[in-house]
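Enquirer: Okay, handing you the structure first.
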Amino acid sequence: VVETVIKYNKNDVKIKWVNDIYIDGKKVCGILTEGAINSNKKLDYAVVGIGINVIAPENGFPDDIKNTATAIFPGNAEEYIKEKIIVEVVNRFFNMYNGDDKEYIRRYKEYSYLTGKEINIISGDITRPATVIDITDDCHLLVKNENGDIEEISSGDVSVRLV
């Protein structure tokens, strides 16, 4: 998805771990995945939902998200652009799905929005600060806690701390 967005918008496009795409620090895409592991500990199925803001609303985004949301195209776009983007995403997905896992991880890391940033890790009612060091080969977030301990985060929500 990030490479499709870059094809149509040359601004600063990044992945916010684990499933959001940002342009210039504003969210343009969210990806939700649900799956199940079978008794052999292999993926049984996965359902993926991708929501991309292709064209900004004519009257702008609603007040509650106008400072955090953006679109690939701020105004008008060429005819059938939504269909072209869908085709591009699907083609890139299958090329990557059938490709080398190490290449996927390299590219994921290349587009990481969080690497080097100070974040808040949010787990239920608990929020704790950390600094992102890297993304592991398993796509976990590698962070350094305030006490200096290194930890891998495999799921959950994080937000960038404004310092």
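Each chain of the structure tokens is named A, B, ... in the order shown, its residues numbered from 1; ligands are numbered from 1 in display order.
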When DSSP works through the backbone of this structure, what residues of region 67-142 of chain A end up as strand (DSSP E), shown as a list in words?

Expert: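 Reading the DSSP output for region 67-142 of chain A, strand (DSSP E) covers Glu118, Ile119, Asn120, Ile121, Ile122, Ser123, Ile126, Thr127, Arg128, Pro129, Ala130, Thr131, Val132, Ile133, Asp134, Ile135, Leu141 and Leu142 of chain A.
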
Enquirer: Mind writing the picked residues with all heavy atoms as a tab-separated table (two decimals), in the first residue's frame?

Expert:
chain	number	residue	atom	x	y	z
A	118	GLU	N	10.38	8.88	19.88
A	118	GLU	CA	9.89	8.63	21.23
A	118	GLU	C	8.39	8.41	21.12
A	118	GLU	O	7.69	9.18	20.47
A	118	GLU	CB	10.22	9.80	22.14
A	118	GLU	CG	11.71	9.96	22.35
A	118	GLU	CD	12.06	11.07	23.33
A	118	GLU	OE1	11.23	11.38	24.20
A	118	GLU	OE2	13.18	11.58	23.22
A	119	ILE	N	7.93	7.32	21.76
A	119	ILE	CA	6.53	6.92	21.63
A	119	ILE	C	5.93	6.66	23.00
A	119	ILE	O	6.64	6.57	24.00
A	119	ILE	CB	6.38	5.65	20.76
A	119	ILE	CG1	7.10	4.46	21.43
A	119	ILE	CG2	6.87	5.89	19.35
A	119	ILE	CD1	6.74	3.12	20.83
A	120	ASN	N	4.62	6.52	23.01
A	120	ASN	CA	3.90	5.99	24.15
A	120	ASN	C	3.34	4.64	23.74
A	120	ASN	O	2.71	4.53	22.68
A	120	ASN	CB	2.75	6.91	24.58
A	120	ASN	CG	3.25	8.15	25.28
A	120	ASN	OD1	4.16	8.07	26.10
A	120	ASN	ND2	2.66	9.28	24.96
A	121	ILE	N	3.57	3.62	24.56
A	121	ILE	CA	3.00	2.31	24.34
A	121	ILE	C	1.72	2.26	25.16
A	121	ILE	O	1.74	2.50	26.37
A	121	ILE	CB	3.97	1.20	24.79
A	121	ILE	CG1	5.27	1.30	24.01
A	121	ILE	CG2	3.32	-0.18	24.61
A	121	ILE	CD1	6.39	0.44	24.57
A	122	ILE	N	0.61	1.97	24.50
A	122	ILE	CA	-0.70	2.01	25.15
A	122	ILE	C	-1.22	0.58	25.29
A	122	ILE	O	-1.43	-0.10	24.29
A	122	ILE	CB	-1.68	2.88	24.35
A	122	ILE	CG1	-1.09	4.28	24.16
A	122	ILE	CG2	-3.04	2.92	25.02
A	122	ILE	CD1	-1.70	5.07	23.04
A	123	SER	N	-1.41	0.14	26.53
A	123	SER	CA	-1.95	-1.19	26.82
A	123	SER	C	-3.10	-1.01	27.80
A	123	SER	O	-2.89	-0.84	29.00
A	123	SER	CB	-0.88	-2.09	27.45
A	123	SER	OG	0.21	-2.24	26.58
A	126	ILE	N	-3.01	1.61	30.66
A	126	ILE	CA	-1.61	1.92	30.99
A	126	ILE	C	-0.90	2.47	29.76
A	126	ILE	O	-0.95	1.91	28.68
A	126	ILE	CB	-0.88	0.67	31.51
A	126	ILE	CG1	-1.57	0.16	32.77
A	126	ILE	CG2	0.59	0.96	31.76
A	126	ILE	CD1	-1.10	-1.20	33.24
A	127	THR	N	-0.23	3.61	29.95
A	127	THR	CA	0.59	4.22	28.90
A	127	THR	C	1.99	4.37	29.45
A	127	THR	O	2.18	4.87	30.55
A	127	THR	CB	0.03	5.60	28.51
A	127	THR	OG1	-1.30	5.43	28.01
A	127	THR	CG2	0.87	6.25	27.43
A	128	ARG	N	2.97	3.89	28.68
A	128	ARG	CA	4.35	4.01	29.14
A	128	ARG	C	5.24	4.47	27.99
A	128	ARG	O	5.04	4.08	26.84
A	128	ARG	CB	4.85	2.71	29.75
A	128	ARG	CG	4.70	1.51	28.88
A	128	ARG	CD	4.86	0.21	29.68
A	128	ARG	NE	4.63	-0.93	28.82
A	128	ARG	CZ	5.56	-1.56	28.14
A	128	ARG	NH1	6.82	-1.19	28.24
A	128	ARG	NH2	5.26	-2.58	27.37
A	129	PRO	N	6.23	5.31	28.30
A	129	PRO	CA	7.10	5.86	27.27
A	129	PRO	C	8.20	4.89	26.87
A	129	PRO	O	8.63	4.04	27.65
A	129	PRO	CB	7.68	7.10	27.93
A	129	PRO	CG	7.65	6.80	29.39
A	129	PRO	CD	6.47	5.90	29.61
A	130	ALA	N	8.66	5.03	25.63
A	130	ALA	CA	9.77	4.24	25.11
A	130	ALA	C	10.32	4.94	23.87
A	130	ALA	O	9.71	5.88	23.35
A	130	ALA	CB	9.33	2.81	24.78
A	131	THR	N	11.47	4.47	23.40
A	131	THR	CA	12.05	4.96	22.16
A	131	THR	C	12.17	3.79	21.19
A	131	THR	O	12.65	2.72	21.57
A	131	THR	CB	13.45	5.57	22.40
A	131	THR	OG1	13.32	6.64	23.36
A	131	THR	CG2	14.05	6.12	21.12
A	132	VAL	N	11.74	3.99	19.96
A	132	VAL	CA	11.78	2.91	18.96
A	132	VAL	C	13.21	2.78	18.44
A	132	VAL	O	13.80	3.75	17.97
A	132	VAL	CB	10.80	3.18	17.81
A	132	VAL	CG1	10.92	2.10	16.74
A	132	VAL	CG2	9.38	3.28	18.33
A	133	ILE	N	13.72	1.56	18.51
A	133	ILE	CA	15.07	1.27	18.03
A	133	ILE	C	15.01	0.73	16.60
A	133	ILE	O	15.78	1.12	15.74
A	133	ILE	CB	15.77	0.24	18.95
A	133	ILE	CG1	15.91	0.80	20.35
A	133	ILE	CG2	17.11	-0.17	18.37
A	133	ILE	CD1	16.36	-0.23	21.37
A	134	ASP	N	14.09	-0.21	16.37
A	134	ASP	CA	14.07	-0.89	15.08
A	134	ASP	C	12.77	-1.67	14.96
A	134	ASP	O	11.95	-1.71	15.88
A	134	ASP	CB	15.26	-1.85	14.99
A	134	ASP	CG	15.63	-2.25	13.56
A	134	ASP	OD1	14.96	-1.80	12.61
A	134	ASP	OD2	16.60	-3.02	13.41
A	135	ILE	N	12.61	-2.33	13.83
A	135	ILE	CA	11.55	-3.31	13.60
A	135	ILE	C	12.26	-4.63	13.36
A	135	ILE	O	13.19	-4.70	12.55
A	135	ILE	CB	10.67	-2.91	12.41
A	135	ILE	CG1	9.93	-1.61	12.76
A	135	ILE	CG2	9.69	-4.02	12.07
A	135	ILE	CD1	9.17	-1.00	11.62
A	141	LEU	N	7.99	-4.40	17.09
A	141	LEU	CA	8.61	-3.11	17.36
A	141	LEU	C	9.65	-3.31	18.46
A	141	LEU	O	9.32	-3.81	19.53
A	141	LEU	CB	7.53	-2.12	17.80
A	141	LEU	CG	7.79	-0.65	17.60
A	141	LEU	CD1	8.05	-0.32	16.14
A	141	LEU	CD2	6.63	0.16	18.12
A	142	LEU	N	10.88	-2.98	18.19
A	142	LEU	CA	11.95	-3.09	19.17
A	142	LEU	C	12.12	-1.72	19.83
A	142	LEU	O	12.39	-0.73	19.14
A	142	LEU	CB	13.25	-3.52	18.48
A	142	LEU	CG	14.39	-3.98	19.39
A	142	LEU	CD1	14.00	-5.23	20.16
A	142	LEU	CD2	15.64	-4.24	18.56

Enquirer: Pick the closest to Ile50 (chain A) from A:Glu88, A:Lys66, A:Val1, A:Lys82: which is it, counting only C-alpha atoms?

Expert: A:Val1

Enquirer: Given only C-alpha atoms as the basis, pick out the residue of A:Glu79, A:Asp44, A:Asp64, A:Glu3 nearest to Glu110 (chain A).

Expert: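 Nearest candidate to Glu110 (chain A) out of A:Glu79, A:Asp44, A:Asp64, A:Glu3: A:Glu3.
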
Enquirer: Rank A:Pro62, A:Pro57, A:Trp17, A:Ala36 by their smallest atom-to-atom distance to Ile153 (chain A), using only C-alpha atoms, and report the top residue only.

Expert: A:Trp17

Enquirer: Between CA of Met96 (chain A) and CA of Thr115 (chain A), what is the spacing in Å?

Expert: 22.4 Å

Enquirer: Please indicate the distance in Å from CA of Val28 (chain A) to CA of Val90 (chain A), rounded to one decimal place.

Expert: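 For CA of Val28 (chain A) relative to CA of Val90 (chain A), the distance reads 17.6 Å.
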
Enquirer: Using only C-alpha atoms, can you tell me which of A:Ile150, A:Asn59, A:Gly116, A:Ile23 comes closest to Asn11 (chain A)?

Expert: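 Smallest distance to Asn11 (chain A) is found for A:Ile23.
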
Enquirer: Can you pull out every residue within 10 Å of Lys109 (chain A), counting only C-alpha atoms, but drop anything in the same chain fewer than 4 positions away, and send it as a list in words?

Expert: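 Counting only C-alpha atoms, the residues come to Lys14, Ile15, Trp17, Glu103, Tyr104, Ile105, Tyr113, Leu114, Thr115, Asp134, Ile135, Thr136, Asp137 and Cys139 of chain A.
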
Enquirer: Using only C-alpha atoms, which residues sit within 10 Å of Gly75 (chain A) once same-chain residues fewer than 2 positions away are excluded, as JSON, numbers by chain?

Expert: {"A": [54, 55, 56, 57, 58, 60, 71, 72, 73, 77]}

Enquirer: Return as a list in words the full set of residues in region 30-147 of chain A whose backbone-based DSSP assignment is alpha helix (DSSP H).

Expert: Ile81, Lys82, Glu83, Lys84, Ile85, Ile86, Val87, Glu88, Val89, Val90, Asn91, Arg92, Phe93, Phe94, Asn95, Met96, Tyr97, Asp101, Lys102, Glu103, Tyr104, Ile105, Arg106, Arg107, Tyr108, Lys109 and Glu110 of chain A
